[in-house]
>>> print(open('coords_22.pdb').read())   # PDB, C-alpha atoms and all ligand atoms
ATOM      1  CA  MET A   1      61.357  27.859 -64.607
ATOM      2  CA  SER A   2      60.996  29.254 -61.097
ATOM      3  CA  ASN A   3      63.692  31.532 -59.742
ATOM      4  CA  ILE A   4      66.930  29.758 -58.826
ATOM      5  CA  LYS A   5      68.999  31.186 -55.964
ATOM      6  CA  VAL A   6      72.676  31.177 -56.866
ATOM      7  CA  ILE A   7      75.970  31.613 -55.013
ATOM      8  CA  VAL A   8      78.992  32.474 -57.179
ATOM      9  CA  ALA A   9      82.486  31.519 -55.973
ATOM     10  CA  GLY A  10      85.256  33.556 -57.599
ATOM     11  CA  PRO A  11      83.233  36.685 -58.523
ATOM     12  CA  ARG A  12      86.290  38.844 -59.297
ATOM     13  CA  GLY A  13      87.898  36.357 -61.672
ATOM     14  CA  LYS A  14      87.719  36.473 -65.470
ATOM     15  CA  MET A  15      84.915  33.898 -65.544
ATOM     16  CA  GLY A  16      83.279  35.052 -62.305
ATOM     17  CA  LYS A  17      82.781  38.588 -63.649
ATOM     18  CA  GLU A  18      81.216  37.203 -66.824
ATOM     19  CA  ALA A  19      78.924  34.984 -64.709
ATOM     20  CA  LEU A  20      77.743  37.980 -62.624
ATOM     21  CA  LYS A  21      76.943  39.843 -65.871
ATOM     22  CA  MET A  22      74.996  36.856 -67.194
ATOM     23  CA  ILE A  23      73.003  36.488 -63.939
ATOM     24  CA  HIS A  24      72.322  40.216 -63.890
ATOM     25  CA  ASN A  25      70.954  40.153 -67.451
ATOM     26  CA  GLN A  26      68.447  37.308 -67.204
ATOM     27  CA  SER A  27      65.448  36.356 -65.085
ATOM     28  CA  THR A  28      65.698  32.677 -64.040
ATOM     29  CA  LEU A  29      68.722  33.085 -61.740
ATOM     30  CA  THR A  30      69.078  35.355 -58.696
ATOM     31  CA  LEU A  31      72.427  36.013 -57.039
ATOM     32  CA  VAL A  32      72.088  35.513 -53.261
ATOM     33  CA  ALA A  33      75.769  35.526 -52.170
ATOM     34  CA  CYS A  34      79.352  35.271 -53.351
ATOM     35  CA  ILE A  35      82.417  33.470 -52.012
ATOM     36  CA  ASP A  36      85.637  35.418 -52.464
ATOM     37  CA  ARG A  37      89.119  35.493 -50.918
ATOM     38  CA  LYS A  38      88.593  39.134 -49.835
ATOM     39  CA  HIS A  39      85.886  41.756 -49.195
ATOM     40  CA  GLU A  40      83.985  40.005 -46.363
ATOM     41  CA  GLY A  41      80.579  41.640 -45.829
ATOM     42  CA  MET A  42      80.668  43.896 -48.893
ATOM     43  CA  THR A  43      77.866  43.647 -51.425
ATOM     44  CA  VAL A  44      78.378  42.885 -55.106
ATOM     45  CA  LYS A  45      76.872  46.291 -55.824
ATOM     46  CA  GLU A  46      79.632  47.947 -53.770
ATOM     47  CA  LEU A  47      82.355  45.747 -55.267
ATOM     48  CA  ASP A  48      81.458  45.676 -58.935
ATOM     49  CA  GLY A  49      78.886  48.404 -59.372
ATOM     50  CA  PHE A  50      76.017  46.161 -60.518
ATOM     51  CA  PRO A  51      73.113  48.502 -59.631
ATOM     52  CA  ASP A  52      70.662  46.009 -58.098
ATOM     53  CA  MET A  53      72.909  43.246 -56.767
ATOM     54  CA  GLU A  54      72.715  43.351 -52.985
ATOM     55  CA  ALA A  55      74.201  39.851 -52.532
ATOM     56  CA  VAL A  56      76.776  39.727 -49.725
ATOM     57  CA  ILE A  57      80.344  38.463 -50.073
ATOM     58  CA  TYR A  58      81.604  35.739 -47.712
ATOM     59  CA  THR A  59      85.259  34.830 -47.327
ATOM     60  CA  ASP A  60      84.447  31.607 -45.505
ATOM     61  CA  ALA A  61      82.870  29.088 -47.859
ATOM     62  CA  ALA A  62      81.595  26.822 -45.062
ATOM     63  CA  THR A  63      79.715  29.715 -43.407
ATOM     64  CA  CYS A  64      78.265  30.879 -46.709
ATOM     65  CA  LEU A  65      77.083  27.446 -47.814
ATOM     66  CA  SER A  66      75.551  26.596 -44.437
ATOM     67  CA  GLU A  67      73.930  29.982 -43.662
ATOM     68  CA  VAL A  68      72.666  31.272 -47.021
ATOM     69  CA  GLU A  69      69.495  29.782 -48.456
ATOM     70  CA  ALA A  70      70.642  28.820 -51.954
ATOM     71  CA  ASP A  71      69.841  26.282 -54.669
ATOM     72  CA  VAL A  72      73.027  26.328 -56.738
ATOM     73  CA  LEU A  73      76.733  27.091 -56.295
ATOM     74  CA  ILE A  74      78.532  28.219 -59.453
ATOM     75  CA  ASP A  75      82.246  27.649 -58.855
ATOM     76  CA  LEU A  76      84.818  29.440 -61.024
ATOM     77  CA  THR A  77      87.922  29.477 -58.835
ATOM     78  CA  THR A  78      91.050  27.325 -58.653
ATOM     79  CA  PRO A  79      91.487  23.536 -58.645
ATOM     80  CA  GLU A  80      92.151  23.286 -54.885
ATOM     81  CA  ASN A  81      89.387  25.665 -53.795
ATOM     82  CA  GLY A  82      86.904  24.449 -56.393
ATOM     83  CA  TYR A  83      87.167  20.930 -55.025
ATOM     84  CA  LYS A  84      86.673  22.119 -51.414
ATOM     85  CA  HIS A  85      83.691  24.315 -52.381
ATOM     86  CA  THR A  86      82.035  21.536 -54.378
ATOM     87  CA  LYS A  87      82.335  19.116 -51.481
ATOM     88  CA  LEU A  88      80.985  21.663 -48.976
ATOM     89  CA  ALA A  89      78.095  22.529 -51.285
ATOM     90  CA  ILE A  90      77.007  18.898 -51.643
ATOM     91  CA  GLU A  91      77.288  18.414 -47.865
ATOM     92  CA  ASN A  92      75.034  21.453 -47.365
ATOM     93  CA  GLY A  93      72.434  20.464 -49.991
ATOM     94  CA  VAL A  94      73.445  23.181 -52.488
ATOM     95  CA  ARG A  95      73.776  21.885 -56.075
ATOM     96  CA  PRO A  96      77.203  22.611 -57.572
ATOM     97  CA  VAL A  97      77.710  23.791 -61.153
ATOM     98  CA  VAL A  98      81.468  23.667 -61.536
ATOM     99  CA  GLY A  99      83.491  25.239 -64.316
ATOM    100  CA  THR A 100      86.756  25.060 -62.393
ATOM    101  CA  THR A 101      89.183  22.611 -64.002
ATOM    102  CA  GLY A 102      92.187  20.692 -62.723
ATOM    103  CA  PHE A 103      90.498  18.218 -60.353
ATOM    104  CA  SER A 104      92.291  14.875 -59.999
ATOM    105  CA  GLU A 105      90.601  11.598 -60.942
ATOM    106  CA  ASP A 106      90.404  10.709 -57.233
ATOM    107  CA  GLU A 107      88.691  14.027 -56.437
ATOM    108  CA  LEU A 108      86.174  13.541 -59.262
ATOM    109  CA  SER A 109      85.422  10.029 -58.122
ATOM    110  CA  GLU A 110      85.029  11.107 -54.475
ATOM    111  CA  LEU A 111      82.629  13.915 -55.468
ATOM    112  CA  THR A 112      80.658  11.508 -57.702
ATOM    113  CA  THR A 113      80.165   9.136 -54.781
ATOM    114  CA  LEU A 114      79.257  11.939 -52.361
ATOM    115  CA  ALA A 115      76.689  13.452 -54.755
ATOM    116  CA  SER A 116      75.015  10.053 -55.250
ATOM    117  CA  GLU A 117      74.979   9.277 -51.521
ATOM    118  CA  ARG A 118      73.374  12.655 -50.736
ATOM    119  CA  GLY A 119      71.160  12.723 -53.869
ATOM    120  CA  ILE A 120      72.464  16.200 -54.767
ATOM    121  CA  GLY A 121      72.554  17.043 -58.476
ATOM    122  CA  THR A 122      76.006  18.224 -59.536
ATOM    123  CA  ILE A 123      77.389  19.299 -62.908
ATOM    124  CA  ILE A 124      81.118  19.518 -63.500
ATOM    125  CA  ALA A 125      81.763  20.751 -67.033
ATOM    126  CA  PRO A 126      85.341  21.317 -68.201
ATOM    127  CA  ASN A 127      83.933  23.482 -70.987
ATOM    128  CA  PHE A 128      80.580  25.316 -71.008
ATOM    129  CA  ALA A 129      80.869  26.609 -74.597
ATOM    130  CA  ILE A 130      78.365  24.826 -76.840
ATOM    131  CA  GLY A 131      80.862  24.886 -79.731
ATOM    132  CA  ALA A 132      83.499  23.200 -77.588
ATOM    133  CA  VAL A 133      81.059  20.451 -76.585
ATOM    134  CA  LEU A 134      80.327  19.850 -80.292
ATOM    135  CA  MET A 135      84.067  19.881 -81.082
ATOM    136  CA  MET A 136      84.543  17.105 -78.484
ATOM    137  CA  GLN A 137      81.619  15.076 -79.840
ATOM    138  CA  PHE A 138      82.831  15.454 -83.449
ATOM    139  CA  SER A 139      86.296  14.351 -82.306
ATOM    140  CA  LYS A 140      84.907  11.210 -80.716
ATOM    141  CA  TRP A 141      83.084  10.418 -83.961
ATOM    142  CA  ALA A 142      86.182  11.073 -86.092
ATOM    143  CA  ALA A 143      88.366   8.873 -83.853
ATOM    144  CA  LYS A 144      86.329   5.812 -84.873
ATOM    145  CA  HIS A 145      87.730   6.266 -88.384
ATOM    146  CA  PHE A 146      91.070   7.972 -87.609
ATOM    147  CA  PRO A 147      92.664   6.386 -84.518
ATOM    148  CA  ASP A 148      95.898   8.424 -84.811
ATOM    149  CA  VAL A 149      95.220  11.761 -83.176
ATOM    150  CA  GLU A 150      96.981  14.608 -81.410
ATOM    151  CA  ILE A 151      95.313  17.360 -79.363
ATOM    152  CA  ILE A 152      96.707  20.885 -79.311
ATOM    153  CA  GLU A 153      95.173  23.208 -76.717
ATOM    154  CA  LYS A 154      96.069  26.902 -76.529
ATOM    155  CA  HIS A 155      95.222  29.176 -73.604
ATOM    156  CA  HIS A 156      96.037  32.549 -72.041
ATOM    157  CA  ASP A 157      99.171  32.582 -69.901
ATOM    158  CA  GLN A 158      97.331  32.987 -66.567
ATOM    159  CA  LYS A 159      95.934  29.451 -66.683
ATOM    160  CA  LEU A 160      96.973  27.283 -63.713
ATOM    161  CA  ASP A 161      96.322  23.763 -64.998
ATOM    162  CA  ALA A 162      97.874  21.921 -67.952
ATOM    163  CA  PRO A 163      96.642  20.156 -69.893
ATOM    164  CA  SER A 164      93.291  21.928 -69.985
ATOM    165  CA  GLY A 165      90.166  20.218 -68.651
ATOM    166  CA  THR A 166      88.797  20.309 -72.189
ATOM    167  CA  ALA A 167      91.812  18.461 -73.619
ATOM    168  CA  LEU A 168      91.538  15.793 -70.929
ATOM    169  CA  LYS A 169      87.803  15.416 -71.504
ATOM    170  CA  THR A 170      88.408  15.162 -75.272
ATOM    171  CA  ALA A 171      90.992  12.433 -74.692
ATOM    172  CA  GLU A 172      88.573  10.626 -72.385
ATOM    173  CA  LEU A 173      85.817  10.681 -75.042
ATOM    174  CA  ILE A 174      88.230   9.501 -77.751
ATOM    175  CA  LYS A 175      89.422   6.685 -75.448
ATOM    176  CA  GLU A 176      85.868   5.302 -75.507
ATOM    177  CA  VAL A 177      86.263   4.453 -79.219
ATOM    178  CA  ARG A 178      90.050   4.194 -79.811
ATOM    179  CA  HIS A 179      92.162   1.117 -79.037
ATOM    180  CA  PRO A 180      95.257   2.137 -77.060
ATOM    181  CA  HIS A 181      98.325   2.181 -79.282
ATOM    182  CA  LYS A 182     101.620   4.026 -79.569
ATOM    183  CA  GLN A 183     101.672   6.698 -82.281
ATOM    184  CA  GLY A 184     104.621   7.833 -84.346
ATOM    185  CA  HIS A 185     107.694   5.716 -85.176
ATOM    186  CA  GLU A 186     108.147   2.707 -82.911
ATOM    187  CA  SER A 187     111.781   3.741 -82.295
ATOM    188  CA  GLU A 188     111.203   7.484 -81.864
ATOM    189  CA  THR A 189     113.043   9.164 -78.979
ATOM    190  CA  GLU A 190     112.812  12.616 -77.457
ATOM    191  CA  THR A 191     116.137  14.421 -77.663
ATOM    192  CA  LEU A 192     114.503  17.237 -75.670
ATOM    193  CA  GLU A 193     112.200  16.073 -72.863
ATOM    194  CA  GLY A 194     108.536  16.896 -73.478
ATOM    195  CA  ALA A 195     108.926  17.357 -77.240
ATOM    196  CA  ARG A 196     106.216  14.802 -78.000
ATOM    197  CA  GLY A 197     103.764  16.160 -75.420
ATOM    198  CA  ALA A 198     101.733  14.376 -72.727
ATOM    199  CA  ASP A 199     100.589  10.837 -73.427
ATOM    200  CA  VAL A 200      97.122   9.319 -73.008
ATOM    201  CA  ASP A 201      97.121   5.704 -74.239
ATOM    202  CA  GLY A 202      99.553   6.703 -77.022
ATOM    203  CA  MET A 203      97.678   9.834 -78.178
ATOM    204  CA  LYS A 204      99.465  13.103 -77.513
ATOM    205  CA  ILE A 205      98.322  16.341 -75.869
ATOM    206  CA  HIS A 206     100.269  19.584 -76.400
ATOM    207  CA  SER A 207      99.591  22.682 -74.259
ATOM    208  CA  MET A 208     100.441  26.219 -75.399
ATOM    209  CA  ARG A 209     100.247  29.276 -73.073
ATOM    210  CA  LEU A 210     100.524  32.787 -74.505
ATOM    211  CA  PRO A 211      99.214  36.264 -73.704
ATOM    212  CA  GLY A 212      96.487  37.250 -76.135
ATOM    213  CA  LEU A 213      94.888  33.790 -76.292
ATOM    214  CA  VAL A 214      91.541  32.968 -74.633
ATOM    215  CA  ALA A 215      90.701  29.236 -75.079
ATOM    216  CA  HIS A 216      91.350  27.269 -78.270
ATOM    217  CA  GLN A 217      91.714  23.622 -79.241
ATOM    218  CA  GLU A 218      92.566  21.680 -82.378
ATOM    219  CA  VAL A 219      92.134  17.923 -82.596
ATOM    220  CA  ILE A 220      94.156  16.676 -85.562
ATOM    221  CA  PHE A 221      93.557  13.225 -87.020
ATOM    222  CA  GLY A 222      95.959  11.558 -89.454
ATOM    223  CA  GLY A 223      94.975   8.946 -92.044
ATOM    224  CA  HIS A 224      96.365   7.572 -95.306
ATOM    225  CA  GLY A 225      97.140  10.608 -97.446
ATOM    226  CA  GLU A 226      94.823  12.890 -95.496
ATOM    227  CA  THR A 227      94.384  14.735 -92.206
ATOM    228  CA  LEU A 228      91.268  16.037 -90.531
ATOM    229  CA  THR A 229      91.244  18.944 -88.065
ATOM    230  CA  VAL A 230      88.386  19.668 -85.659
ATOM    231  CA  LYS A 231      88.898  23.135 -84.187
ATOM    232  CA  HIS A 232      87.158  25.366 -81.674
ATOM    233  CA  ASP A 233      87.965  28.905 -80.540
ATOM    234  CA  SER A 234      86.496  30.802 -77.624
ATOM    235  CA  ILE A 235      87.373  34.373 -78.507
ATOM    236  CA  HIS A 236      85.411  35.857 -75.574
ATOM    237  CA  ARG A 237      84.388  34.381 -72.199
ATOM    238  CA  GLU A 238      80.780  35.243 -73.031
ATOM    239  CA  SER A 239      80.969  31.983 -75.054
ATOM    240  CA  PHE A 240      80.737  29.968 -71.829
ATOM    241  CA  MET A 241      77.699  31.683 -70.334
ATOM    242  CA  SER A 242      74.772  30.028 -72.134
ATOM    243  CA  GLY A 243      76.201  26.721 -70.895
ATOM    244  CA  VAL A 244      76.554  27.998 -67.318
ATOM    245  CA  LYS A 245      72.932  29.207 -67.349
ATOM    246  CA  LEU A 246      71.669  25.930 -68.823
ATOM    247  CA  ALA A 247      73.617  23.923 -66.241
ATOM    248  CA  ALA A 248      72.249  26.020 -63.340
ATOM    249  CA  GLU A 249      68.721  25.271 -64.560
ATOM    250  CA  ARG A 250      69.210  21.569 -65.371
ATOM    251  CA  VAL A 251      71.123  20.736 -62.194
ATOM    252  CA  MET A 252      67.862  21.317 -60.317
ATOM    253  CA  GLU A 253      66.457  18.164 -61.991
ATOM    254  CA  LEU A 254      69.444  15.897 -61.195
ATOM    255  CA  ASP A 255      70.257  13.768 -58.151
ATOM    256  CA  VAL A 256      73.710  12.553 -59.253
ATOM    257  CA  LEU A 257      76.943  14.108 -60.560
ATOM    258  CA  VAL A 258      77.396  14.448 -64.309
ATOM    259  CA  TYR A 259      80.777  15.270 -65.839
ATOM    260  CA  GLY A 260      80.452  17.166 -69.118
ATOM    261  CA  LEU A 261      77.808  19.439 -70.582
ATOM    262  CA  GLU A 262      76.973  16.895 -73.302
ATOM    263  CA  HIS A 263      74.910  14.981 -70.719
ATOM    264  CA  ILE A 264      72.379  17.805 -70.422
ATOM    265  CA  LEU A 265      72.290  19.114 -74.012
ATOM    266  CA  ASP A 266      69.232  18.059 -76.057
TER     267      ASP A 266
HETATM  268  N1  LIG A 301      84.279  25.177 -67.681
HETATM  269  C1  LIG A 301      84.505  26.214 -68.476
HETATM  270  O1  LIG A 301      83.819  26.426 -69.496
HETATM  271  C2  LIG A 301      85.607  27.159 -68.139
HETATM  272  C3  LIG A 301      86.375  26.903 -67.053
HETATM  273  N2  LIG A 301      87.364  27.753 -66.677
HETATM  274  C4  LIG A 301      88.015  27.431 -65.421
HETATM  275  O2  LIG A 301      87.444  28.281 -64.437
HETATM  276  C5  LIG A 301      88.413  28.572 -63.432
HETATM  277  C6  LIG A 301      88.529  30.090 -63.273
HETATM  278  O3  LIG A 301      89.045  30.628 -64.454
HETATM  279  P1  LIG A 301      89.349  32.201 -64.603
HETATM  280  O4  LIG A 301      88.145  32.975 -64.235
HETATM  281  O5  LIG A 301      89.954  32.355 -65.923
HETATM  282  O6  LIG A 301      90.465  32.385 -63.483
HETATM  283  P2  LIG A 301      90.804  33.698 -62.634
HETATM  284  O7  LIG A 301      92.160  33.467 -62.066
HETATM  285  O8  LIG A 301      90.579  34.907 -63.452
HETATM  286  O9  LIG A 301      89.719  33.669 -61.467
HETATM  287  C7  LIG A 301      89.756  32.803 -60.371
HETATM  288  C8  LIG A 301      89.188  33.556 -59.202
HETATM  289  O10 LIG A 301      89.060  32.646 -58.104
HETATM  290  C9  LIG A 301      89.299  33.413 -56.952
HETATM  291  N3  LIG A 301      89.599  32.538 -55.817
HETATM  292  C10 LIG A 301      90.744  31.888 -55.544
HETATM  293  N4  LIG A 301      90.623  31.239 -54.389
HETATM  294  C11 LIG A 301      89.386  31.480 -53.923
HETATM  295  C12 LIG A 301      88.681  31.094 -52.759
HETATM  296  N5  LIG A 301      89.237  30.324 -51.823
HETATM  297  N6  LIG A 301      87.418  31.530 -52.607
HETATM  298  C13 LIG A 301      86.848  32.299 -53.535
HETATM  299  N7  LIG A 301      87.458  32.725 -54.653
HETATM  300  C14 LIG A 301      88.720  32.307 -54.839
HETATM  301  C15 LIG A 301      90.460  34.326 -57.310
HETATM  302  O11 LIG A 301      90.509  35.438 -56.435
HETATM  303  C16 LIG A 301      90.071  34.718 -58.729
HETATM  304  O12 LIG A 301      89.325  35.912 -58.724
HETATM  305  C17 LIG A 301      89.697  27.885 -63.893
HETATM  306  O13 LIG A 301      89.800  26.632 -63.259
HETATM  307  C18 LIG A 301      89.489  27.680 -65.386
HETATM  308  O14 LIG A 301      90.215  26.579 -65.889
HETATM  309  C19 LIG A 301      87.636  28.884 -67.381
HETATM  310  C20 LIG A 301      86.925  29.180 -68.513
HETATM  311  C21 LIG A 301      85.857  28.325 -68.994
HETATM  312  O1  LIG A 302      91.251  28.391 -68.001
HETATM  313  C1  LIG A 302      90.559  28.644 -69.008
HETATM  314  O2  LIG A 302      90.544  29.757 -69.540
HETATM  315  C2  LIG A 302      89.709  27.574 -69.559
HETATM  316  N1  LIG A 302      89.615  26.468 -68.907
HETATM  317  C3  LIG A 302      88.830  25.350 -69.272
HETATM  318  C4  LIG A 302      89.706  24.155 -69.541
HETATM  319  O3  LIG A 302      90.666  23.910 -68.791
HETATM  320  O4  LIG A 302      89.443  23.422 -70.495
HETATM  321  C5  LIG A 302      87.833  25.658 -70.349
HETATM  322  C6  LIG A 302      88.321  26.602 -71.392
HETATM  323  O5  LIG A 302      89.235  25.916 -72.180
HETATM  324  C7  LIG A 302      88.915  27.845 -70.781
END
>>> encode(input="coords_22.pdb", output="structure tokens", more="lines below")
Ligand SMILES: NC(=O)C1=CN([C@@H]2O[C@H](COP(=O)(O)OP(=O)(O)OC[C@H]3O[C@@H](n4cnc5c(N)ncnc54)[C@H](O)[C@@H]3O)[C@@H](O)[C@H]2O)C=CC1
Ligand SMILES: O=C(O)C1=N[C@H](C(=O)O)C[C@H](O)C1
Amino acid sequence: MSNIKVIVAGPRGKMGKEALKMIHNQSTLTLVACIDRKHEGMTVKELDGFPDMEAVIYTDAATCLSEVEADVLIDLTTPENGYKHTKLAIENGVRPVVGTTGFSEDELSELTTLASERGIGTIIAPNFAIGAVLMMQFSKWAAKHFPDVEIIEKHHDQKLDAPSGTALKTAELIKEVRHPHKQGHESETETLEGARGADVDGMKIHSMRLPGLVAHQEVIFGGHGETLTVKHDSIHRESFMSGVKLAAERVMELDVLVYGLEHILD
């Protein structure tokens, strides 16, 4: 694999820092610039102390994506900015690898159309951890046999979006095999609003936010006299990095947008 020139948006965030470490420690990706809210003109070396990272920080995404010669944008920011960066990247011929979650369905559909029109490979993956991708696939399989299911996602208390991108993606995969139906008692009522969680075609999603958590999900299926739980825990953000690296390599071979890492895993 020849060397891939990468821009990272959000380099000072929890995921951005982990991505810089990953890029620093391997040989197929080279950091050529960063997009940040602050520190215009500084280098990553000056900002974070990585000894040989001379990549310059831009505060204006449009300038960065139009001026810097780059193959891939890795975006790890916020829903609003991630969407803007992804759009700008596609318009400038830079392939986006997006970990940022919280995009609306309309935004995803607009980006899908734009990527196809421009022929620019794009990967948006709500979860880059290989174990999480397997947890979602196992859940889809289980839902064929256990159509009553509730998703419980648990995250750190700095997370902006709820439910998590992973929970929504899990529900989307389960929807492919589950007939919509209301779960629980047909006459059940909430005496406290929100008690039964968010609703996707009758299946429920519950979001927990607490300090000390990283990223965790349980998908609980109920049957006759039995339950089945499919569970994944990211206990360190390093868990996401093999997926980010794989996506940055595979996006070079794509000319459309794919949503979910499962599309590029062997
Ligand atoms: N797909 C995946 O596997 C994973 C996705 N995520 C998602 O990644 C995103 C980032 O997560 P964290 O690193 O935990 O958040 P964070 O809050 O630690 O980092 C976000 C960073 O984005 C920066 N930022 C905000 N606006 C910006 C702008 N206009 N330009 C450049 N940088 C900007 C902030 O300064 C901050 O440093 C979230 O959407 C989260 O849900 C998080 C973990 C795994
Ligand atoms: O914000 C996070 O931390 C995470 N966000 C992603 C999501 O919304 O699913 C992926 C992972 O769960 C961590």
>>> residues_around(input="coords_22.pdb", residues="stretch 99-116 of chain A", least_positions_apart="5", cutoff="7 Å", atoms="only C-alpha atoms", output="PyMOL selection string")
chain A and resi 75-79+82-83+87+90+121-122+124-127+161+165+255-257
>>> residues_near_ligand(input="coords_22.pdb", ligand="ligand LIG 302 (chain A)", cutoff="10 Å", atoms="all atoms listed in the file", output="PyMOL selection string")
chain A and resi 14-15+76-78+99-102+125-129+132+153-170+213-217+232-234+236-237+239-240
>>> atom_distance(input="coords_22.pdb", atom1="atom C12 of ligand LIG 301 (chain A)", atom2="atom CA of A:Asp36")
5.3 Å
>>> resolve_selection(input="coords_22.pdb", expression="the PyMOL selection byres (((chain A and resi 152) around 7) and not hetatm)", output="list in words")
Glu150, Ile151, Glu153, Lys154, Ile205, His206, Ser207, Gln217, Glu218 and Val219 of chain A
>>> resolve_selection(input="coords_22.pdb", expression="the PyMOL selection byres (((chain A and resi 91-95) around 8) and not hetatm)", output="list in words")
Leu65, Ser66, Ala70, Asp71, Val72, Leu73, Lys87, Leu88, Ala89, Ile90, Pro96, Val97, Arg118, Ile120, Gly121, Thr122, Val251 and Met252 of chain A
>>> atom_distance(input="coords_22.pdb", atom1="atom C12 of ligand LIG 301 (chain A)", atom2="atom CA of A:Val44")
15.8 Å
>>> resolve_selection(input="coords_22.pdb", expression="the PyMOL selection byres (((chain A and resi 140-142) around 9) and not hetatm)", output="list in words")
Met135, Met136, Gln137, Phe138, Ser139, Ala143, Lys144, His145, Phe146, Pro147, Thr170, Ala171, Leu173, Ile174, Lys175, Glu176, Val177, Arg178, Phe221, Leu228 and Val230 of chain A
>>> write_last_selection(input="coords_22.pdb", atoms="C-alpha atoms", output="mmCIF file, keeping the file's coordinate frame")
data_model
loop_
_atom_site.group_PDB
_atom_site.id
_atom_site.type_symbol
_atom_site.label_atom_id
_atom_site.label_comp_id
_atom_site.auth_asym_id
_atom_site.auth_seq_id
_atom_site.Cartn_x
_atom_site.Cartn_y
_atom_site.Cartn_z
ATOM 1 C CA MET A 135 84.067 19.881 -81.082
ATOM 2 C CA MET A 136 84.543 17.105 -78.484
ATOM 3 C CA GLN A 137 81.619 15.076 -79.840
ATOM 4 C CA PHE A 138 82.831 15.454 -83.449
ATOM 5 C CA SER A 139 86.296 14.351 -82.306
ATOM 6 C CA ALA A 143 88.366 8.873 -83.853
ATOM 7 C CA LYS A 144 86.329 5.812 -84.873
ATOM 8 C CA HIS A 145 87.730 6.266 -88.384
ATOM 9 C CA PHE A 146 91.070 7.972 -87.609
ATOM 10 C CA PRO A 147 92.664 6.386 -84.518
ATOM 11 C CA THR A 170 88.408 15.162 -75.272
ATOM 12 C CA ALA A 171 90.992 12.433 -74.692
ATOM 13 C CA LEU A 173 85.817 10.681 -75.042
ATOM 14 C CA ILE A 174 88.230 9.501 -77.751
ATOM 15 C CA LYS A 175 89.422 6.685 -75.448
ATOM 16 C CA GLU A 176 85.868 5.302 -75.507
ATOM 17 C CA VAL A 177 86.263 4.453 -79.219
ATOM 18 C CA ARG A 178 90.050 4.194 -79.811
ATOM 19 C CA PHE A 221 93.557 13.225 -87.020
ATOM 20 C CA LEU A 228 91.268 16.037 -90.531
ATOM 21 C CA VAL A 230 88.386 19.668 -85.659
#
>>> atom_distance(input="coords_22.pdb", atom1="atom CA of A:His179", atom2="atom CA of A:Gly131")
26.3 Å
>>> closest_residue(input="coords_22.pdb", among="A:Gly225, A:Cys34, A:Ala9, A:Lys204", to="A:Ile74", atoms="all atoms listed in the file")
A:Ala9
>>> closest_residue(input="coords_22.pdb", among="A:Glu67, A:Glu226, A:Glu18, A:Glu253", to="ligand LIG 301 (chain A)", atoms="all atoms listed in the file")
A:Glu18
>>> closest_residue(input="coords_22.pdb", among="A:Glu193, A:Glu40, A:Glu249, A:Asp148", to="ligand LIG 301 (chain A)", atoms="all atoms listed in the file")
A:Glu40
>>> axis_aligned_box(input="coords_22.pdb", around="ligand LIG 301 (chain A)", padding_each_side="8 Å", output="JSON")
{"center_x": 88.0, "center_y": 30.5, "center_z": -60.7, "size_x": 24.3, "size_y": 26.7, "size_z": 33.7}
>>> residues_near_point(input="coords_22.pdb", point="(80.8, 37.8, -58.8)", cutoff="12 Å", atoms="only C-alpha atoms", output="PyMOL selection string")
chain A and resi 6-24+30-39+42-50+53-58+73-77
>>> closest_residue(input="coords_22.pdb", among="A:Asp199, A:Glu80, A:Glu262, A:Glu190", to="ligand LIG 301 (chain A)", atoms="all atoms listed in the file")
A:Glu80
>>> closest_residue(input="coords_22.pdb", among="A:Lys245, A:Lys231, A:Arg250, A:His181", to="ligand LIG 301 (chain A)", atoms="all atoms listed in the file")
A:Lys245
>>> closest_residue(input="coords_22.pdb", among="A:Glu186, A:Asp201, A:Glu69, A:Asp52", to="A:Asn25", atoms="all atoms listed in the file")
A:Asp52
>>> build_atoms(input="coords_22.pdb", residues="stretch 198-203 of chain A", atoms="N, CA, C and O atoms", output="compact mmCIF listing (two decimals), in the frame of the given file")
# COMPACT_ATOMS: atom_id res chain seq x y z
N ALA A 198 102.23 15.33 -73.73
CA ALA A 198 101.73 14.38 -72.73
C ALA A 198 101.09 13.20 -73.45
O ALA A 198 100.66 13.32 -74.60
N ASP A 199 101.03 12.07 -72.76
CA ASP A 199 100.59 10.84 -73.43
C ASP A 199 99.34 10.27 -72.74
O ASP A 199 99.32 10.07 -71.54
N VAL A 200 98.31 10.03 -73.52
CA VAL A 200 97.12 9.32 -73.01
C VAL A 200 96.91 8.11 -73.92
O VAL A 200 96.47 8.27 -75.06
N ASP A 201 97.28 6.94 -73.45
CA ASP A 201 97.12 5.70 -74.24
C ASP A 201 97.79 5.80 -75.61
O ASP A 201 97.30 5.23 -76.59
N GLY A 202 98.85 6.58 -75.73
CA GLY A 202 99.55 6.70 -77.02
C GLY A 202 99.15 7.93 -77.82
O GLY A 202 99.84 8.32 -78.75
N MET A 203 98.01 8.57 -77.47
CA MET A 203 97.68 9.83 -78.18
C MET A 203 98.31 11.00 -77.41
O MET A 203 98.50 10.92 -76.20
